[in-house]
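Novice: Data: model08.cif, mmCIF, C-alpha atoms.
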```cif
data_start
#
loop_
_atom_site.label_atom_id
_atom_site.label_comp_id
_atom_site.auth_asym_id
_atom_site.auth_seq_id
_atom_site.Cartn_x
_atom_site.Cartn_y
_atom_site.Cartn_z
CA MET N 1 0.00 0.00 0.00
CA VAL N 2 0.89 3.65 -0.27
CA LYS N 3 1.09 5.92 2.78
CA LEU N 4 0.67 9.62 3.21
CA ILE N 5 2.74 10.42 6.30
CA ALA N 6 2.49 13.46 8.56
CA LEU N 7 5.28 13.96 11.10
CA TYR N 8 4.64 16.73 13.64
CA LYS N 9 7.22 18.54 15.74
CA GLN N 10 6.46 19.33 19.38
CA PRO N 11 3.74 21.99 19.60
CA GLU N 12 4.12 24.82 22.09
CA ASP N 13 0.68 24.18 23.56
CA LYS N 14 0.26 20.41 23.64
CA GLU N 15 -3.20 20.52 25.20
CA ALA N 16 -4.59 22.79 22.46
CA PHE N 17 -2.88 20.68 19.79
CA ASP N 18 -4.30 17.41 21.15
CA GLU N 19 -7.76 18.87 21.47
CA HIS N 20 -7.78 20.19 17.89
CA TYR N 21 -6.13 17.08 16.47
CA LYS N 22 -8.59 14.70 18.04
CA ASN N 23 -11.82 16.65 17.81
CA VAL N 24 -11.39 18.65 14.63
CA HIS N 25 -8.56 17.42 12.40
CA THR N 26 -9.05 13.65 12.70
CA PRO N 27 -12.80 13.67 11.91
CA ILE N 28 -12.20 15.91 8.85
CA THR N 29 -9.34 13.72 7.62
CA LYS N 30 -11.19 10.43 8.08
CA LYS N 31 -13.79 11.62 5.54
CA ILE N 32 -11.26 11.65 2.68
CA PRO N 33 -12.43 9.20 -0.01
CA GLY N 34 -10.11 6.24 -0.56
CA LEU N 35 -8.47 6.42 2.88
CA ARG N 36 -8.16 2.81 4.05
CA LYS N 37 -6.57 3.17 7.44
CA MET N 38 -5.14 5.87 9.69
CA GLU N 39 -2.47 4.98 12.25
CA VAL N 40 -1.39 7.51 14.84
CA THR N 41 1.78 7.17 16.92
CA ARG N 42 2.53 9.48 19.82
CA ILE N 43 6.27 10.17 19.99
CA VAL N 44 7.37 10.05 23.62
CA GLY N 45 11.11 10.44 23.22
CA SER N 46 14.13 8.80 21.66
CA PRO N 47 16.52 6.06 22.82
CA THR N 48 18.82 8.78 24.12
CA GLY N 49 16.27 11.13 25.69
CA ASP N 50 13.87 13.67 24.26
CA SER N 51 12.64 14.00 20.69
CA LYS N 52 11.81 17.15 18.78
CA TYR N 53 8.90 15.22 17.27
CA TYR N 54 5.46 14.80 18.81
CA LEU N 55 3.20 12.78 16.54
CA LEU N 56 3.39 10.52 13.49
CA CYS N 57 0.28 9.88 11.43
CA GLU N 58 0.21 7.30 8.65
CA MET N 59 -2.69 7.34 6.18
CA TYR N 60 -3.00 4.32 3.93
CA TYR N 61 -4.27 4.27 0.34
CA ASP N 62 -4.48 1.39 -2.13
CA ASP N 63 -1.94 2.87 -4.53
CA HIS N 64 -0.49 6.13 -5.84
CA GLU N 65 -3.45 6.59 -8.18
CA SER N 66 -5.91 6.41 -5.26
CA LEU N 67 -3.83 8.86 -3.23
CA LYS N 68 -3.67 11.29 -6.15
CA LYS N 69 -7.42 11.06 -6.66
CA ALA N 70 -8.02 11.51 -2.92
CA MET N 71 -5.88 14.64 -2.79
CA LYS N 72 -8.05 16.32 -5.39
CA THR N 73 -11.26 15.94 -3.38
CA GLU N 74 -12.97 18.65 -1.37
CA GLU N 75 -12.52 16.53 1.76
CA SER N 76 -8.75 16.44 1.28
CA LYS N 77 -8.63 20.17 0.62
CA ALA N 78 -10.59 20.79 3.82
CA SER N 79 -8.18 18.57 5.76
CA GLY N 80 -5.17 20.37 4.27
CA LYS N 81 -6.62 23.77 5.04
CA ASP N 82 -7.32 22.74 8.63
CA LEU N 83 -3.82 21.26 8.94
CA MET N 84 -2.23 24.54 7.90
CA SER N 85 -4.40 26.42 10.40
CA PHE N 86 -3.12 24.62 13.49
CA ALA N 87 0.13 22.91 12.50
CA GLY N 88 1.45 24.49 9.31
CA ASN N 89 4.77 25.26 10.99
CA LEU N 90 5.04 21.87 12.73
CA VAL N 91 4.27 19.29 10.07
CA THR N 92 6.40 17.50 7.48
CA MET N 93 4.50 15.51 4.86
CA MET N 94 5.88 12.45 3.06
CA VAL N 95 4.58 9.91 0.59
CA GLY N 96 5.82 6.36 1.06
CA GLU N 97 5.46 2.82 -0.21
CA GLU N 98 5.32 -0.22 2.04
CA VAL N 99 8.35 -2.44 1.42
CA GLU N 100 7.83 -6.23 0.96
CA MET J 1 2.30 -1.43 21.31
CA VAL J 2 5.49 0.59 21.51
CA LYS J 3 7.53 1.45 18.43
CA LEU J 4 11.17 2.25 17.93
CA ILE J 5 11.22 4.41 14.81
CA ALA J 6 14.16 5.12 12.52
CA LEU J 7 13.73 7.88 9.94
CA TYR J 8 16.53 8.13 7.37
CA LYS J 9 17.40 11.12 5.21
CA GLN J 10 18.35 10.60 1.56
CA PRO J 11 21.74 8.88 1.34
CA GLU J 12 24.27 10.10 -1.20
CA ASP J 13 24.74 6.63 -2.63
CA LYS J 14 21.30 5.02 -2.65
CA GLU J 15 22.51 1.74 -4.15
CA ALA J 16 25.13 1.21 -1.44
CA PHE J 17 22.62 2.19 1.24
CA ASP J 18 19.96 -0.22 -0.06
CA GLU J 19 22.45 -3.05 -0.36
CA HIS J 20 23.74 -2.58 3.20
CA TYR J 21 20.29 -1.98 4.64
CA LYS J 22 18.78 -5.11 3.14
CA ASN J 23 21.65 -7.56 3.37
CA VAL J 24 23.46 -6.46 6.53
CA HIS J 25 21.41 -4.14 8.73
CA THR J 26 17.99 -5.81 8.49
CA PRO J 27 19.22 -9.35 9.32
CA ILE J 28 21.19 -8.04 12.35
CA THR J 29 18.22 -6.00 13.58
CA LYS J 30 15.69 -8.80 13.19
CA LYS J 31 17.68 -10.85 15.72
CA ILE J 32 16.91 -8.40 18.56
CA PRO J 33 14.99 -10.27 21.30
CA GLY J 34 11.46 -8.98 21.87
CA LEU J 35 11.06 -7.44 18.41
CA ARG J 36 7.54 -8.33 17.29
CA LYS J 37 7.33 -6.76 13.87
CA MET J 38 9.40 -4.55 11.58
CA GLU J 39 7.69 -2.34 9.01
CA VAL J 40 9.72 -0.55 6.36
CA THR J 41 8.36 2.31 4.25
CA ARG J 42 10.28 3.72 1.31
CA ILE J 43 9.74 7.48 1.09
CA VAL J 44 9.23 8.43 -2.53
CA GLY J 45 8.40 12.11 -2.19
CA SER J 46 5.91 14.47 -0.64
CA PRO J 47 2.55 15.84 -1.78
CA THR J 48 4.36 18.89 -3.15
CA GLY J 49 7.39 17.19 -4.73
CA ASP J 50 10.57 15.74 -3.30
CA SER J 51 11.32 14.74 0.28
CA LYS J 52 14.58 14.99 2.16
CA TYR J 53 13.71 11.63 3.71
CA TYR J 54 14.39 8.22 2.21
CA LEU J 55 13.22 5.46 4.54
CA LEU J 56 11.05 4.97 7.63
CA CYS J 57 11.46 1.84 9.72
CA GLU J 58 9.07 0.98 12.55
CA MET J 59 10.06 -1.72 15.04
CA TYR J 60 7.31 -2.95 17.34
CA TYR J 61 7.71 -4.12 20.93
CA ASP J 62 5.07 -5.20 23.45
CA ASP J 63 5.70 -2.27 25.79
CA HIS J 64 8.35 0.17 27.05
CA GLU J 65 9.76 -2.47 29.41
CA SER J 66 10.32 -4.90 26.51
CA LEU J 67 11.96 -2.19 24.44
CA LYS J 68 14.24 -1.19 27.31
CA LYS J 69 15.24 -4.82 27.86
CA ALA J 70 15.80 -5.30 24.14
CA MET J 71 18.07 -2.29 23.93
CA LYS J 72 20.41 -3.75 26.53
CA THR J 73 21.04 -6.95 24.55
CA GLU J 74 24.15 -7.72 22.53
CA GLU J 75 21.95 -8.02 19.42
CA SER J 76 20.67 -4.48 19.86
CA LYS J 77 24.16 -3.15 20.47
CA ALA J 78 25.35 -4.87 17.27
CA SER J 79 22.45 -3.33 15.34
CA GLY J 80 23.20 0.12 16.78
CA LYS J 81 26.89 -0.18 15.96
CA ASP J 82 26.10 -1.22 12.41
CA LEU J 83 23.58 1.63 12.09
CA MET J 84 26.19 4.20 13.08
CA SER J 85 28.64 2.71 10.56
CA PHE J 86 26.49 3.29 7.48
CA ALA J 87 23.83 5.85 8.46
CA GLY J 88 24.94 7.66 11.61
CA ASN J 89 24.58 11.02 9.88
CA LEU J 90 21.27 10.16 8.19
CA VAL J 91 19.12 8.65 10.91
CA THR J 92 16.75 10.13 13.49
CA MET J 93 15.50 7.73 16.16
CA MET J 94 12.19 8.07 17.99
CA VAL J 95 10.21 6.07 20.52
CA GLY J 96 6.46 6.11 20.09
CA GLU J 97 3.23 4.65 21.41
CA GLU J 98 0.36 3.51 19.21
CA VAL J 99 -2.70 5.68 19.83
CA GLU J 100 -6.12 4.00 20.37
#
```
Write out the structure in this file as structure tokens.
Specialist:
Amino acid sequence: MVKLIALYKQPEDKEAFDEHYKNVHTPITKKIPGLRKMEVTRIVGSPTGDSKYYLLCEMYYDDHESLKKAMKTEESKASGKDLMSFAGNLVTMMVGEEVE
Amino acid sequence: MVKLIALYKQPEDKEAFDEHYKNVHTPITKKIPGLRKMEVTRIVGSPTGDSKYYLLCEMYYDDHESLKKAMKTEESKASGKDLMSFAGNLVTMMVGEEVE
């Protein structure tokens, strides 16, 4: 499968971030057509101490074609607009392919 | 579950990286006691073009205790030593918890 990956740095206000992420951003994002699965990992540190990262979200699509189609939908545009509103300066987006 | 995450930046020599990663680093890492699952994602870009990242590897453990124990083993030390030898300047390590 193909993954759209969002890696977030530590927000200044974690409580506000969590609240918006859970109650606003996740419901908007889950409406995107073609999204098969969404896996969220809370980063709690690194093997040597702290991490500058806070959250990793992996969104699975069947293939690149499905992801491309999804990104053109109104639902995806709404999710992207919301993302920029609360985490535009924190997030790094990647597109990946599962190996094996 | 708990994840040990390795995020690699683009290597200069992709062929040499791939060869070492697949044939040397992965077999060493898979020997680490307590490792339940290893998921590798090849980063192929971002929604807006290229990405500075190349590979994401997620290593699953039952819990923080299991991960801590694992990291004290000879197998883990061998994997860490090998990692530093071919990707010390490329890798960012994180520890995360699955949400939900």
Novice: For the provided coordinates, the residues matched by the PyMOL selection byres ((chain N and resi 3-18) around 8) should be stated as a short mmCIF file (atom, residue, chain, number, x, y, z; two decimals) with C-alpha atoms, keeping the file's coordinate frame.
Specialist:
```
data_model
loop_
_atom_site.label_atom_id
_atom_site.label_comp_id
_atom_site.auth_asym_id
_atom_site.auth_seq_id
_atom_site.Cartn_x
_atom_site.Cartn_y
_atom_site.Cartn_z
CA MET N 1 0.00 0.00 0.00
CA VAL N 2 0.89 3.65 -0.27
CA GLU N 19 -7.76 18.87 21.47
CA HIS N 20 -7.78 20.19 17.89
CA TYR N 21 -6.13 17.08 16.47
CA LYS N 22 -8.59 14.70 18.04
CA LYS N 52 11.81 17.15 18.78
CA TYR N 53 8.90 15.22 17.27
CA TYR N 54 5.46 14.80 18.81
CA LEU N 55 3.20 12.78 16.54
CA LEU N 56 3.39 10.52 13.49
CA CYS N 57 0.28 9.88 11.43
CA GLU N 58 0.21 7.30 8.65
CA MET N 59 -2.69 7.34 6.18
CA TYR N 60 -3.00 4.32 3.93
CA TYR N 61 -4.27 4.27 0.34
CA LEU N 67 -3.83 8.86 -3.23
CA PHE N 86 -3.12 24.62 13.49
CA ALA N 87 0.13 22.91 12.50
CA LEU N 90 5.04 21.87 12.73
CA VAL N 91 4.27 19.29 10.07
CA THR N 92 6.40 17.50 7.48
CA MET N 93 4.50 15.51 4.86
CA MET N 94 5.88 12.45 3.06
CA VAL N 95 4.58 9.91 0.59
CA GLY N 96 5.82 6.36 1.06
CA GLU N 97 5.46 2.82 -0.21
CA GLU N 98 5.32 -0.22 2.04
#
```
Novice: Write out chain N, as a short mmCIF file (atom, residue, chain, number, x, y, z; two decimals) with C-alpha atoms, in the frame of the given file, after superposing it onto chain J by least squares using every C-alpha atom paired in order.
Specialist:
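Result written to selection.cif:
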```
data_model
loop_
_atom_site.label_atom_id
_atom_site.label_comp_id
_atom_site.auth_asym_id
_atom_site.auth_seq_id
_atom_site.Cartn_x
_atom_site.Cartn_y
_atom_site.Cartn_z
CA MET N 1 2.31 -1.42 21.29
CA VAL N 2 5.48 0.59 21.50
CA LYS N 3 7.54 1.46 18.42
CA LEU N 4 11.17 2.24 17.94
CA ILE N 5 11.24 4.41 14.82
CA ALA N 6 14.17 5.12 12.52
CA LEU N 7 13.73 7.88 9.94
CA TYR N 8 16.53 8.13 7.37
CA LYS N 9 17.40 11.12 5.22
CA GLN N 10 18.35 10.60 1.57
CA PRO N 11 21.74 8.87 1.34
CA GLU N 12 24.27 10.10 -1.19
CA ASP N 13 24.75 6.62 -2.62
CA LYS N 14 21.31 5.01 -2.64
CA GLU N 15 22.51 1.75 -4.17
CA ALA N 16 25.13 1.20 -1.44
CA PHE N 17 22.61 2.18 1.24
CA ASP N 18 19.95 -0.23 -0.06
CA GLU N 19 22.44 -3.05 -0.37
CA HIS N 20 23.74 -2.59 3.19
CA TYR N 21 20.28 -2.00 4.64
CA LYS N 22 18.79 -5.12 3.13
CA ASN N 23 21.67 -7.55 3.37
CA VAL N 24 23.47 -6.46 6.51
CA HIS N 25 21.42 -4.14 8.73
CA THR N 26 18.00 -5.81 8.49
CA PRO N 27 19.23 -9.35 9.32
CA ILE N 28 21.19 -8.02 12.34
CA THR N 29 18.21 -5.99 13.57
CA LYS N 30 15.68 -8.81 13.18
CA LYS N 31 17.67 -10.85 15.73
CA ILE N 32 16.92 -8.40 18.56
CA PRO N 33 15.00 -10.26 21.30
CA GLY N 34 11.46 -9.00 21.87
CA LEU N 35 11.07 -7.44 18.41
CA ARG N 36 7.54 -8.31 17.29
CA LYS N 37 7.33 -6.74 13.88
CA MET N 38 9.41 -4.55 11.57
CA GLU N 39 7.69 -2.35 9.00
CA VAL N 40 9.71 -0.55 6.36
CA THR N 41 8.35 2.32 4.26
CA ARG N 42 10.27 3.72 1.31
CA ILE N 43 9.73 7.48 1.10
CA VAL N 44 9.22 8.44 -2.54
CA GLY N 45 8.40 12.11 -2.19
CA SER N 46 5.90 14.47 -0.63
CA PRO N 47 2.52 15.84 -1.78
CA THR N 48 4.35 18.87 -3.14
CA GLY N 49 7.38 17.19 -4.72
CA ASP N 50 10.57 15.74 -3.30
CA SER N 51 11.31 14.73 0.28
CA LYS N 52 14.58 14.98 2.15
CA TYR N 53 13.70 11.63 3.72
CA TYR N 54 14.38 8.21 2.22
CA LEU N 55 13.22 5.46 4.54
CA LEU N 56 11.05 4.96 7.62
CA CYS N 57 11.46 1.84 9.72
CA GLU N 58 9.06 0.99 12.54
CA MET N 59 10.06 -1.71 15.04
CA TYR N 60 7.32 -2.94 17.33
CA TYR N 61 7.71 -4.11 20.94
CA ASP N 62 5.08 -5.19 23.45
CA ASP N 63 5.69 -2.28 25.80
CA HIS N 64 8.33 0.15 27.05
CA GLU N 65 9.74 -2.47 29.41
CA SER N 66 10.32 -4.90 26.52
CA LEU N 67 11.96 -2.17 24.43
CA LYS N 68 14.24 -1.20 27.32
CA LYS N 69 15.23 -4.82 27.87
CA ALA N 70 15.81 -5.30 24.13
CA MET N 71 18.09 -2.27 23.93
CA LYS N 72 20.40 -3.76 26.53
CA THR N 73 21.04 -6.95 24.56
CA GLU N 74 24.14 -7.73 22.53
CA GLU N 75 21.95 -8.03 19.42
CA SER N 76 20.67 -4.48 19.87
CA LYS N 77 24.17 -3.16 20.47
CA ALA N 78 25.35 -4.86 17.28
CA SER N 79 22.46 -3.32 15.35
CA GLY N 80 23.21 0.13 16.78
CA LYS N 81 26.89 -0.17 15.98
CA ASP N 82 26.10 -1.21 12.41
CA LEU N 83 23.58 1.63 12.09
CA MET N 84 26.19 4.20 13.06
CA SER N 85 28.64 2.71 10.56
CA PHE N 86 26.49 3.30 7.48
CA ALA N 87 23.84 5.85 8.46
CA GLY N 88 24.95 7.65 11.62
CA ASN N 89 24.60 11.02 9.89
CA LEU N 90 21.28 10.16 8.20
CA VAL N 91 19.11 8.65 10.90
CA THR N 92 16.76 10.13 13.50
CA MET N 93 15.51 7.73 16.17
CA MET N 94 12.19 8.08 18.00
CA VAL N 95 10.22 6.08 20.52
CA GLY N 96 6.46 6.11 20.08
CA GLU N 97 3.23 4.65 21.41
CA GLU N 98 0.37 3.52 19.20
CA VAL N 99 -2.69 5.69 19.83
CA GLU N 100 -6.11 3.99 20.35
#
```
Novice: Would you place a box with edges along x, y and z of the file around all atoms of region 62-65 of chain J listed there, add 8 Å to each of its six sides, and report the centre and edge lengths in Å to one decimal, as JSON?
Specialist:
```
{"center_x": 7.4, "center_y": -2.5, "center_z": 26.4, "size_x": 20.7, "size_y": 21.4, "size_z": 22.0}
```
Novice: Could you state which residues are captured by the PyMOL selection byres ((chain J and resi 75) around 12) in this file, as a PyMOL selection string?
Specialist: chain J and resi 25-35+69-74+76-82
Novice: Identify which of the residues N:Leu83, N:Val99, N:Met38, N:Val24 lies closest to chain J, counting all atoms listed in the file when measuring atom-to-atom distances.
Specialist: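 Nearest candidate to chain J out of N:Leu83, N:Val99, N:Met38, N:Val24: N:Val99.
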Novice: Which is closer to chain N than all the others in J:Asn23, J:Thr41, J:Ser66, J:Thr48, using all atoms listed in the file?
Specialist: J:Thr41
Novice: Rank J:Asn89, J:Met84, J:Arg36, J:Glu100 by their smallest atom-to-atom distance to chain N, using only C-alpha atoms, and report the top residue only.
Specialist: J:Glu100
Novice: What is the CA of His64 (chain J) to CA of Glu39 (chain J) distance in Å?
Specialist: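 Computing the Euclidean distance for CA of His64 (chain J) and CA of Glu39 (chain J) yields 18.2 Å.
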Novice: Could you tell me which of J:Ser85, J:Asp63, J:Arg42, J:Asp50 comes closest to chain N if we count only C-alpha atoms?
Specialist: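 The shortest atom-to-atom distance to chain N comes from J:Arg42.
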Novice: Please compute the CA of Asp62 (chain J)-CA of Val44 (chain N) distance, one decimal, in Å.
Specialist: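 Value for the CA of Asp62 (chain J)-CA of Val44 (chain N) distance: 15.4 Å.
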Novice: What does the structure give for the distance between CA of Pro47 (chain J) and CA of Ser51 (chain N), in Å to one decimal?
Specialist: 24.7 Å
